[in-house]
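Source file final-v1.txt; content: compact mmCIF, C-alpha atoms.
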```
# COMPACT_ATOMS: atom_id res chain seq x y z
CA MET A 42 52.05 16.51 37.15
CA LEU A 43 52.60 13.11 38.73
CA VAL A 44 52.30 9.84 36.82
CA ARG A 45 52.51 6.15 37.65
CA LEU A 46 53.95 3.69 35.15
CA LEU A 47 53.89 -0.10 35.50
CA TYR A 48 55.91 -2.31 33.19
CA ALA A 49 57.12 -5.88 32.91
CA SER A 50 60.32 -7.23 31.43
CA ARG A 51 62.32 -10.41 31.25
CA ALA A 52 65.89 -10.60 32.48
CA ALA A 53 68.26 -11.09 29.56
CA GLU A 54 70.31 -13.45 31.74
CA THR A 55 69.58 -15.69 34.70
CA LEU A 56 69.17 -13.43 37.70
CA THR A 57 71.71 -13.60 40.48
CA PRO A 58 71.42 -11.84 43.83
CA GLU A 59 74.34 -9.64 42.74
CA MET A 60 72.48 -8.54 39.59
CA VAL A 61 69.38 -7.60 41.58
CA ASP A 62 71.56 -5.76 44.12
CA ALA A 63 73.23 -3.82 41.27
CA ILE A 64 69.86 -2.81 39.79
CA LEU A 65 68.62 -1.69 43.21
CA ALA A 66 71.81 0.24 43.97
CA GLN A 67 71.57 2.03 40.63
CA SER A 68 67.89 2.85 41.23
CA ARG A 69 68.48 4.09 44.76
CA ALA A 70 71.35 6.30 43.61
CA HIS A 71 69.48 7.74 40.61
CA ASN A 72 65.86 8.00 41.74
CA PRO A 73 65.96 10.47 44.67
CA GLU A 74 67.55 13.28 42.65
CA HIS A 75 64.93 12.76 39.94
CA GLY A 76 61.96 12.54 42.31
CA ILE A 77 61.17 8.94 41.36
CA THR A 78 59.72 6.41 43.77
CA GLY A 79 58.54 2.89 43.14
CA ILE A 80 58.78 -0.80 43.68
CA LEU A 81 60.58 -3.62 41.86
CA CYS A 82 59.14 -7.12 41.97
CA TYR A 83 60.84 -10.17 40.51
CA GLY A 84 60.25 -13.87 40.23
CA GLY A 85 62.12 -16.29 38.01
CA LYS A 86 63.40 -14.18 35.11
CA ILE A 87 60.53 -11.69 35.17
CA PHE A 88 60.61 -8.16 36.53
CA MET A 89 57.61 -6.00 37.25
CA GLN A 90 58.24 -2.43 38.29
CA VAL A 91 56.23 0.64 39.23
CA LEU A 92 57.74 4.09 38.69
CA GLU A 93 56.14 7.24 40.11
CA GLY A 94 57.17 10.85 39.63
CA SER A 95 56.93 13.68 37.14
CA ARG A 96 55.87 12.72 33.64
CA ASP A 97 59.19 13.86 32.14
CA GLU A 98 61.34 11.97 34.65
CA VAL A 99 59.29 8.76 34.60
CA CYS A 100 59.18 8.68 30.80
CA ALA A 101 62.92 9.35 30.56
CA LEU A 102 63.68 6.51 32.98
CA TYR A 103 61.30 4.12 31.22
CA ASN A 104 63.00 4.88 27.91
CA MET A 105 66.38 4.08 29.50
CA ILE A 106 64.98 0.77 30.80
CA VAL A 107 63.64 -0.14 27.35
CA ARG A 108 67.17 0.32 25.94
CA ASP A 109 68.91 -1.46 28.87
CA THR A 110 70.43 -4.73 27.63
CA ARG A 111 69.72 -6.40 31.00
CA HIS A 112 66.02 -6.41 30.00
CA SER A 113 64.12 -7.96 27.12
CA ASP A 114 60.42 -8.06 26.21
CA VAL A 115 59.75 -4.75 28.00
CA GLN A 116 56.00 -4.21 28.00
CA LEU A 117 54.02 -1.27 29.34
CA LEU A 118 51.20 -2.58 31.56
CA SER A 119 49.72 0.64 32.91
CA TYR A 120 50.30 4.39 32.70
CA GLU A 121 48.18 6.98 34.48
CA GLU A 122 48.17 10.50 35.81
CA ILE A 123 47.88 10.44 39.60
CA ALA A 124 46.97 12.87 42.36
CA GLU A 125 49.31 11.21 44.88
CA ARG A 126 51.94 8.51 45.10
CA ARG A 127 51.25 5.02 46.44
CA PHE A 128 54.94 4.16 46.84
CA ALA A 129 56.21 7.47 48.24
CA GLY A 130 58.22 5.78 50.99
CA TRP A 131 60.42 3.83 48.61
CA THR A 132 63.23 5.17 46.44
CA MET A 133 62.95 1.60 45.14
CA GLY A 134 61.31 -1.10 47.21
CA LEU A 135 62.02 -4.76 46.45
CA VAL A 136 59.85 -7.87 46.42
CA ASN A 137 61.40 -11.29 45.82
CA LEU A 138 58.40 -13.46 45.02
CA ALA A 139 60.33 -16.61 45.90
CA LYS A 140 59.89 -15.49 49.52
CA THR A 141 56.14 -14.85 49.40
CA ASN A 142 53.14 -17.12 49.77
CA PRO A 143 52.27 -18.53 46.30
CA SER A 144 48.55 -18.27 47.08
CA LEU A 145 48.88 -14.48 47.08
CA ILE A 146 50.12 -14.56 43.48
CA LEU A 147 47.45 -17.10 42.52
CA LYS A 148 44.81 -14.66 43.76
CA TYR A 149 45.67 -12.38 40.80
CA ALA A 150 47.05 -14.76 38.16
CA GLU A 151 46.34 -17.97 36.27
CA LYS A 152 49.19 -19.79 38.05
CA ALA A 153 51.11 -19.23 41.28
CA GLU A 154 54.01 -17.58 39.46
CA LEU A 155 54.71 -14.04 38.37
CA ASP A 156 53.60 -13.57 34.78
CA PRO A 157 52.33 -10.02 34.21
CA TYR A 158 52.27 -10.78 30.47
CA ARG A 159 49.20 -12.96 31.05
CA CYS A 160 47.14 -10.71 33.32
CA SER A 161 45.87 -7.16 33.29
CA GLY A 162 47.82 -4.15 34.45
CA LYS A 163 45.08 -3.61 37.03
CA ALA A 164 45.59 -7.12 38.48
CA SER A 165 49.37 -6.62 38.52
CA MET A 166 49.00 -3.32 40.38
CA ALA A 167 46.59 -4.93 42.86
CA LEU A 168 49.17 -7.66 43.53
CA LEU A 169 51.86 -5.05 44.21
CA GLU A 170 49.55 -3.10 46.51
CA GLU A 171 48.75 -6.26 48.47
CA LEU A 172 52.43 -7.13 48.72
CA MET A 173 53.03 -3.65 50.12
CA ALA A 174 50.12 -3.99 52.57
CA THR A 175 51.42 -7.36 53.82
CA ALA A 176 54.92 -5.96 54.40
CA SER A 177 56.49 -8.06 51.67
CA VAL A 178 58.37 -5.01 50.34
CA LEU A 179 61.97 -4.64 51.48
CA GLY A 180 64.32 -1.70 51.28
CA ARG A 181 62.21 1.21 52.50
CA ALA A 182 63.53 4.65 51.52
CA GLY A 183 66.73 3.62 50.03
```

Full structure transcribed into structure tokens:
Amino acid sequence: MLVRLLYASRAAETLTPEMVDAILAQSRAHNPEHGITGILCYGGKIFMQVLEGSRDEVCALYNMIVRDTRHSDVQLLSYEEIAERRFAGWTMGLVNLAKTNPSLILKYAEKAELDPYRCSGKASMALLEELMATASVLGRAG
């Protein structure tokens, strides 16, 4: 059974490009052998990530993320059983919102900044899908 999980978290420290690269490298090394695909979006100190795969693998990874000291305020935004993946081409795609048009974020949020804590999981997922459709996702297939 496939599931899709969307969560948000805050970086425990100020994000540096090296920190994001380390998170991506770890994801891209771990995810293929566990059948996990997804996308990581960040802006300011906030992460938003989609994980797709088997229920056991996705839940195990989410539990690791909740315990990871690089994250704080981890909050589950959406969890659903799915018939097919939306992010199958990405072992872990990346979106840096500092490089996207702020009006795209404003379409789904109160302000033109990433804050999934103040909008619905459905709106957050729609934003990620639009970012994918507009080729804002980097790092295809690992």

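The residue that comes closest to Glu74 in chain A, out of A:Thr132, A:Ser113, A:Leu47, A:Leu138 and on the basis of only C-alpha atoms, is A:Thr132.
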
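Going from CA of Glu125 in chain A over to CA of Ala164 in chain A, you cover 19.8 Å.
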
Any idea what's packed within 7 Å of Val91 in chain A, counting all atoms listed in the file, ignoring anything in its chain fewer than 2 positions away? Could you give it as a PyMOL selection string? chain A and resi 45-48+79-81+93

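Of the residues under consideration (A:Tyr158, A:Tyr120, A:Tyr149, A:Tyr83), A:Tyr83 shows the shortest atom-to-atom contact distance to Leu135 in chain A when counting only C-alpha atoms.
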
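We find CA of Lys148 in chain A and CA of Ser165 in chain A to be spaced 10.6 Å apart.
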
So how far away is CA of Ala101 in chain A from CA of Arg51 in chain A, in Å?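 Computing it gives 19.8 Å between the two atoms.
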
Selected residue of minimal separation from Leu56 in chain A among A:Ile87, A:Leu43, A:Leu102, A:Val107, counting all atoms listed in the file: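 For Leu56 in chain A, the nearest of the given residues is A:Ile87.
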
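For Thr55 in chain A, the list of residues within 12 Å, based on all atoms listed in the file and with local chain neighbours fewer than 6 positions off taken out, reads Val61, Tyr83, Gly84, Gly85, Lys86, Ile87, Phe88, Arg111 and His112 of chain A.
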
Export of the given selection (C-alpha atoms) as a PDB file, in the frame of the given file:
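The resulting file, selection37.pdb, is reproduced below:
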```pdb
ATOM      1  CA  VAL A  61      69.380  -7.600  41.580  1.00  0.00           C
ATOM      2  CA  TYR A  83      60.840 -10.170  40.510  1.00  0.00           C
ATOM      3  CA  GLY A  84      60.250 -13.870  40.230  1.00  0.00           C
ATOM      4  CA  GLY A  85      62.120 -16.290  38.010  1.00  0.00           C
ATOM      5  CA  LYS A  86      63.400 -14.180  35.110  1.00  0.00           C
ATOM      6  CA  ILE A  87      60.530 -11.690  35.170  1.00  0.00           C
ATOM      7  CA  PHE A  88      60.610  -8.160  36.530  1.00  0.00           C
ATOM      8  CA  ARG A 111      69.720  -6.400  31.000  1.00  0.00           C
ATOM      9  CA  HIS A 112      66.020  -6.410  30.000  1.00  0.00           C
TER      10      HIS A 112
END
```

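For the set A:Thr57, A:Ser50, A:Asn104, A:Thr78, the residue with the smallest atom-to-atom gap to Met133 in chain A is A:Thr78, counting all atoms listed in the file.
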
When you count only C-alpha atoms, which of these residues is closest to Ala49 in chain A: A:Glu122, A:Glu98, A:Asp114, A:Asp62?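 So, comparing all the options, the nearest one is A:Asp114.
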
Within 10 Å of range 166-177 of chain A: each range 108-162 of chain A residue with its shortest pair, all atoms listed in the file, as a tab-separated table:
```
residue	atom	partner	partner_atom	distance
A:Leu118	CA	A:Met166	CA	9.1
A:Ser119	CA	A:Met166	CA	8.5
A:Arg127	CA	A:Glu170	CA	8.3
A:Phe128	CA	A:Met173	CA	8.7
A:Gly134	CA	A:Met173	CA	9.1
A:Leu135	CA	A:Ser177	CA	8.3
A:Val136	CA	A:Ser177	CA	6.2
A:Asn137	CA	A:Ser177	CA	8.3
A:Leu138	CA	A:Ser177	CA	8.8
A:Lys140	CA	A:Ser177	CA	8.4
A:Thr141	CA	A:Ser177	CA	7.2
A:Asn142	CA	A:Ser177	CA	9.8
A:Leu145	CA	A:Leu168	CA	7.7
A:Ile146	CA	A:Leu168	CA	7.0
A:Leu147	CA	A:Leu168	CA	9.6
A:Lys148	CA	A:Leu168	CA	8.2
A:Tyr149	CA	A:Leu168	CA	6.5
A:Ala150	CA	A:Leu168	CA	9.2
A:Leu155	CA	A:Leu168	CA	9.9
A:Pro157	CA	A:Met166	CA	9.7
A:Ser161	CA	A:Met166	CA	8.6
A:Gly162	CA	A:Met166	CA	6.1
```

Okay, now the selection with C-alpha atoms, as a PDB file, in the frame of the given file?
```
ATOM      1  CA  LEU A 118      51.200  -2.580  31.560  1.00  0.00           C
ATOM      2  CA  SER A 119      49.720   0.640  32.910  1.00  0.00           C
ATOM      3  CA  ARG A 127      51.250   5.020  46.440  1.00  0.00           C
ATOM      4  CA  PHE A 128      54.940   4.160  46.840  1.00  0.00           C
ATOM      5  CA  GLY A 134      61.310  -1.100  47.210  1.00  0.00           C
ATOM      6  CA  LEU A 135      62.020  -4.760  46.450  1.00  0.00           C
ATOM      7  CA  VAL A 136      59.850  -7.870  46.420  1.00  0.00           C
ATOM      8  CA  ASN A 137      61.400 -11.290  45.820  1.00  0.00           C
ATOM      9  CA  LEU A 138      58.400 -13.460  45.020  1.00  0.00           C
ATOM     10  CA  LYS A 140      59.890 -15.490  49.520  1.00  0.00           C
ATOM     11  CA  THR A 141      56.140 -14.850  49.400  1.00  0.00           C
ATOM     12  CA  ASN A 142      53.140 -17.120  49.770  1.00  0.00           C
ATOM     13  CA  LEU A 145      48.880 -14.480  47.080  1.00  0.00           C
ATOM     14  CA  ILE A 146      50.120 -14.560  43.480  1.00  0.00           C
ATOM     15  CA  LEU A 147      47.450 -17.100  42.520  1.00  0.00           C
ATOM     16  CA  LYS A 148      44.810 -14.660  43.760  1.00  0.00           C
ATOM     17  CA  TYR A 149      45.670 -12.380  40.800  1.00  0.00           C
ATOM     18  CA  ALA A 150      47.050 -14.760  38.160  1.00  0.00           C
ATOM     19  CA  LEU A 155      54.710 -14.040  38.370  1.00  0.00           C
ATOM     20  CA  PRO A 157      52.330 -10.020  34.210  1.00  0.00           C
ATOM     21  CA  SER A 161      45.870  -7.160  33.290  1.00  0.00           C
ATOM     22  CA  GLY A 162      47.820  -4.150  34.450  1.00  0.00           C
TER      23      GLY A 162
END
```
